[in-house]
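Peer 1: Contents of run.cif (mmCIF, C-alpha atoms) are given next:
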```
data_structure
loop_
_atom_site.label_atom_id
_atom_site.label_comp_id
_atom_site.auth_asym_id
_atom_site.auth_seq_id
_atom_site.Cartn_x
_atom_site.Cartn_y
_atom_site.Cartn_z
CA MET A 171 133.55 263.23 -73.31
CA SER A 172 135.61 263.12 -70.15
CA LEU A 173 137.02 260.02 -68.49
CA THR A 174 134.51 260.36 -65.63
CA GLU A 175 131.60 260.41 -68.06
CA ILE A 176 132.93 257.39 -69.94
CA LEU A 177 133.39 255.44 -66.69
CA THR A 178 129.90 256.45 -65.52
CA LEU A 179 128.41 255.32 -68.84
CA CYS A 180 130.29 251.98 -68.68
CA ALA A 181 129.24 251.42 -65.07
CA THR A 182 125.63 252.20 -65.93
CA ALA A 183 125.68 249.83 -68.91
CA LEU A 184 127.52 246.98 -67.18
CA SER A 185 125.89 247.05 -63.73
CA PRO A 186 122.78 245.04 -64.75
CA LEU A 187 125.00 242.37 -66.33
CA ILE A 188 127.20 242.20 -63.25
CA ALA A 189 124.13 242.01 -61.00
CA ILE A 190 122.73 239.11 -63.05
CA GLN A 191 126.05 237.24 -62.90
CA VAL A 192 126.35 237.74 -59.14
CA SER A 193 122.74 236.63 -58.66
CA GLN A 194 123.29 233.48 -60.76
CA TYR A 195 126.48 232.68 -58.85
CA LEU A 196 124.75 233.06 -55.48
CA THR A 197 121.81 230.94 -56.64
CA SER A 198 124.17 228.22 -57.81
CA GLN A 199 126.05 228.27 -54.50
CA ASN A 200 122.78 228.06 -52.54
CA GLU A 201 121.54 225.13 -54.63
CA HIS A 202 124.85 223.31 -54.13
CA ARG A 203 124.64 223.84 -50.36
CA GLU A 204 121.01 222.66 -50.34
CA ARG A 205 122.02 219.40 -52.05
CA LYS A 206 124.68 218.81 -49.38
CA LEU A 207 122.17 219.62 -46.65
CA THR A 208 119.68 217.17 -48.16
CA ILE A 209 122.30 214.41 -48.03
CA PHE A 210 123.14 215.26 -44.43
CA LYS A 211 119.50 215.47 -43.36
CA ASN A 212 118.65 212.16 -45.04
CA LEU A 213 121.57 210.44 -43.34
CA MET A 214 120.62 211.95 -39.99
CA ALA A 215 116.99 210.90 -40.40
CA THR A 216 117.93 207.33 -41.34
CA ARG A 217 121.01 206.74 -39.20
CA ALA A 218 119.13 204.09 -37.20
CA TYR A 219 117.92 202.45 -40.44
CA THR A 220 121.06 202.09 -42.52
CA LEU A 221 119.45 199.64 -44.94
CA SER A 222 116.74 202.09 -45.96
CA PRO A 223 116.87 203.13 -49.63
CA MET A 224 116.96 206.82 -48.63
CA HIS A 225 120.06 206.20 -46.49
CA VAL A 226 121.86 204.27 -49.22
CA GLU A 227 120.98 206.90 -51.84
CA ALA A 228 122.28 209.70 -49.62
CA LEU A 229 125.56 207.83 -49.10
CA ASN A 230 125.96 207.32 -52.83
CA ARG A 231 125.48 211.04 -53.49
CA ILE A 232 128.34 212.16 -51.21
CA ASP A 233 130.96 211.91 -53.96
CA LEU A 234 128.77 214.01 -56.25
CA GLU A 235 128.22 216.94 -53.93
CA PHE A 236 131.23 217.23 -51.63
CA SER A 237 134.47 218.60 -53.02
CA GLN A 238 138.18 217.89 -52.57
CA ASN A 239 138.81 221.67 -52.86
CA SER A 240 137.63 222.47 -49.34
CA ALA A 241 139.52 221.03 -46.35
CA LYS A 242 136.28 220.40 -44.42
CA GLU A 243 134.61 218.69 -47.38
CA LYS A 244 137.75 216.69 -48.13
CA ALA A 245 137.51 215.34 -44.57
CA VAL A 246 133.95 214.20 -45.38
CA LEU A 247 135.16 212.43 -48.53
CA ASP A 248 138.07 210.79 -46.71
CA ILE A 249 135.84 209.40 -43.96
CA TRP A 250 133.24 208.34 -46.52
CA GLN A 251 135.93 206.28 -48.29
CA GLN A 252 136.87 204.61 -44.99
CA TYR A 253 133.21 203.88 -44.29
CA LEU A 254 132.61 202.54 -47.80
CA ASP A 255 135.67 200.33 -47.53
CA HIS A 256 134.43 198.97 -44.20
CA LEU A 257 130.95 198.27 -45.57
CA GLY A 258 132.51 195.95 -48.15
CA GLN A 259 134.47 193.89 -45.61
CA GLN A 260 132.91 190.52 -44.92
CA GLN A 261 135.64 188.65 -43.05
CA ILE A 262 135.12 190.51 -39.75
CA GLU A 263 133.01 189.05 -36.92
CA PRO A 264 129.49 190.54 -37.24
CA ALA A 265 129.41 192.21 -33.79
CA ILE A 266 132.79 193.88 -34.31
CA TRP A 267 131.83 194.85 -37.87
CA ALA A 268 128.56 196.44 -36.68
CA SER A 269 130.29 198.39 -33.92
CA LYS A 270 132.91 199.77 -36.29
CA ARG A 271 130.22 200.56 -38.89
CA THR A 272 128.39 202.65 -36.30
CA ASP A 273 131.57 204.48 -35.29
CA LEU A 274 132.46 205.26 -38.90
CA LEU A 275 128.94 206.48 -39.65
CA VAL A 276 129.13 208.77 -36.62
CA ASP A 277 132.52 210.05 -37.82
CA LEU A 278 131.03 210.72 -41.27
CA LEU A 279 128.03 212.57 -39.85
CA TYR A 280 130.32 214.57 -37.57
CA ALA A 281 132.56 215.63 -40.48
CA MET A 282 129.47 216.59 -42.49
CA ALA A 283 128.07 218.58 -39.58
CA ILE A 284 131.33 220.53 -39.31
CA ALA A 285 131.48 221.13 -43.08
CA LEU A 286 127.89 222.40 -43.09
CA GLY A 287 128.15 224.56 -39.97
CA TYR A 288 126.25 222.42 -37.46
CA SER A 289 127.52 221.95 -33.92
CA PHE A 290 126.65 218.37 -33.05
CA ASN A 291 128.89 216.28 -30.88
CA LYS A 292 129.55 212.61 -31.59
CA THR A 293 127.45 211.43 -28.65
CA GLN A 294 124.41 213.29 -30.03
CA LEU A 295 124.98 211.79 -33.45
CA LYS A 296 125.35 208.27 -32.09
CA ASN A 297 122.63 208.21 -29.43
CA GLY A 298 120.28 211.01 -30.40
CA THR A 299 117.96 208.98 -32.57
CA TYR A 300 114.63 207.33 -31.94
CA ALA A 301 114.20 203.83 -33.31
CA PRO A 302 111.25 201.92 -31.87
CA VAL A 303 111.94 198.34 -30.80
CA GLY A 304 108.91 197.33 -32.83
CA HIS A 305 110.59 198.52 -36.03
CA SER A 306 113.61 196.30 -35.49
CA ARG A 307 111.37 193.37 -34.53
CA ILE A 308 109.31 193.80 -37.70
CA GLU A 309 112.48 194.06 -39.78
CA GLU A 310 113.91 190.89 -38.19
CA GLU A 311 110.64 189.01 -38.75
CA ARG A 312 110.52 190.19 -42.35
CA ASP A 313 114.10 189.01 -42.92
CA ARG A 314 113.37 185.65 -41.27
CA LEU A 315 110.21 185.20 -43.34
CA ARG A 316 112.07 186.05 -46.55
CA VAL A 317 114.77 183.46 -45.77
CA LEU A 318 112.21 180.78 -44.93
CA ILE A 319 110.22 181.40 -48.12
CA LEU A 320 113.37 181.33 -50.25
CA GLU A 321 114.49 178.07 -48.63
CA LEU A 322 111.04 176.58 -49.29
CA LEU A 323 111.02 177.70 -52.93
CA GLU A 324 114.59 176.48 -53.48
CA GLY A 325 113.73 173.06 -52.08
CA LYS A 326 116.01 173.43 -49.08
CA ARG A 327 113.08 173.29 -46.64
CA ASP A 328 110.01 171.12 -46.46
CA LEU A 329 106.57 172.49 -45.88
CA PRO A 330 105.33 170.78 -42.70
CA MET A 331 101.81 169.47 -42.98
CA ARG A 332 99.56 167.71 -40.44
CA VAL A 333 96.34 165.93 -41.05
CA THR A 334 93.96 166.95 -38.31
CA ALA A 335 90.76 165.42 -39.58
CA ILE A 336 89.98 162.70 -42.09
CA PRO A 337 86.65 163.14 -43.76
CA ASP A 338 84.28 160.21 -43.44
CA VAL A 339 83.73 159.03 -46.98
CA LYS A 340 81.01 156.40 -47.53
CA ARG A 341 80.58 154.67 -50.84
#
```
In structure tokens, what does this structure look like?
Peer 2:
Amino acid sequence: MSLTEILTLCATALSPLIAIQVSQYLTSQNEHRERKLTIFKNLMATRAYTLSPMHVEALNRIDLEFSQNSAKEKAVLDIWQQYLDHLGQQQIEPAIWASKRTDLLVDLLYAMAIALGYSFNKTQLKNGTYAPVGHSRIEEERDRLRVLILELLEGKRDLPMRVTAIPDVKR
């Protein structure tokens, strides 16, 4: 058997195995990219509602899916750490804290967009969202109601009562 025949036989025998390995590798890469895209899409969809469970879950999955091995993904992780650090700071005035939180979230979304091949600018990321005023009003009312009920149940607030009519009782 000649060298050419041996190489042809080896190539014929190994090509299905190589094809399977390449297919599995590509599938794995696509699934990994899809998980990153899901995080990005969830954060984009909830960027006006940062307290939503979907938003918080997406933030907490960043460390799992983005890698230090890629410069673009490392930038995502670095900004995420800055954002996470800021979220834990409580000694800053609320208005300043909220403004910086928004800026850091925009920076995070921008880095993710670059890493995933999207071409958003920071203005789009910051202002390109629809959040009805009614949603924020409902959320504020819900928060206020929750505080009032807790204060009532903890005995820190009295339940105001007024007698508007006294029944006429004859004995």
Peer 1: Mind telling me what the PyMOL selection byres ((chain A and resi 252-261) around 9) catches here, as an mmCIF file with C-alpha atoms, in the frame of the given file?
Peer 2:
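Printed below is out-v6.cif as written:
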```cif
data_model
loop_
_atom_site.group_PDB
_atom_site.id
_atom_site.type_symbol
_atom_site.label_atom_id
_atom_site.label_comp_id
_atom_site.auth_asym_id
_atom_site.auth_seq_id
_atom_site.Cartn_x
_atom_site.Cartn_y
_atom_site.Cartn_z
ATOM 1 C CA LEU A 229 125.560 207.830 -49.100
ATOM 2 C CA LEU A 247 135.160 212.430 -48.530
ATOM 3 C CA ASP A 248 138.070 210.790 -46.710
ATOM 4 C CA ILE A 249 135.840 209.400 -43.960
ATOM 5 C CA TRP A 250 133.240 208.340 -46.520
ATOM 6 C CA GLN A 251 135.930 206.280 -48.290
ATOM 7 C CA ILE A 262 135.120 190.510 -39.750
ATOM 8 C CA GLU A 263 133.010 189.050 -36.920
ATOM 9 C CA PRO A 264 129.490 190.540 -37.240
ATOM 10 C CA TRP A 267 131.830 194.850 -37.870
ATOM 11 C CA LYS A 270 132.910 199.770 -36.290
ATOM 12 C CA ARG A 271 130.220 200.560 -38.890
ATOM 13 C CA LEU A 274 132.460 205.260 -38.900
ATOM 14 C CA LEU A 275 128.940 206.480 -39.650
ATOM 15 C CA ASP A 277 132.520 210.050 -37.820
ATOM 16 C CA LEU A 278 131.030 210.720 -41.270
#
```
Peer 1: Which residues match the PyMOL selection byres ((chain A and resi 200-212) around 12) in the file above, as a PyMOL selection string?
Peer 2: chain A and resi 193-199+213-220+222-237+243+246+275-276+278-288+295
Peer 1: Could you work out how far CA of Ser269 in chain A lies from CA of Glu309 in chain A, giving the answer in Å with one decimal?
Peer 2: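 Separating CA of Glu309 in chain A from CA of Ser269 in chain A is a distance of 19.2 Å.
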Peer 1: One decimal, in Å: what's the spacing between CA of Gln294 in chain A and CA of Arg307 in chain A?
Peer 2: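 Answer for the CA of Gln294 in chain A to CA of Arg307 in chain A separation: 24.2 Å.
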Peer 1: Can you work out the spacing between CA of Glu311 in chain A and CA of Arg332 in chain A in Å, to one decimal?
Peer 2: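 If I compute the distance from CA of Glu311 in chain A to CA of Arg332 in chain A, I get 24.1 Å.
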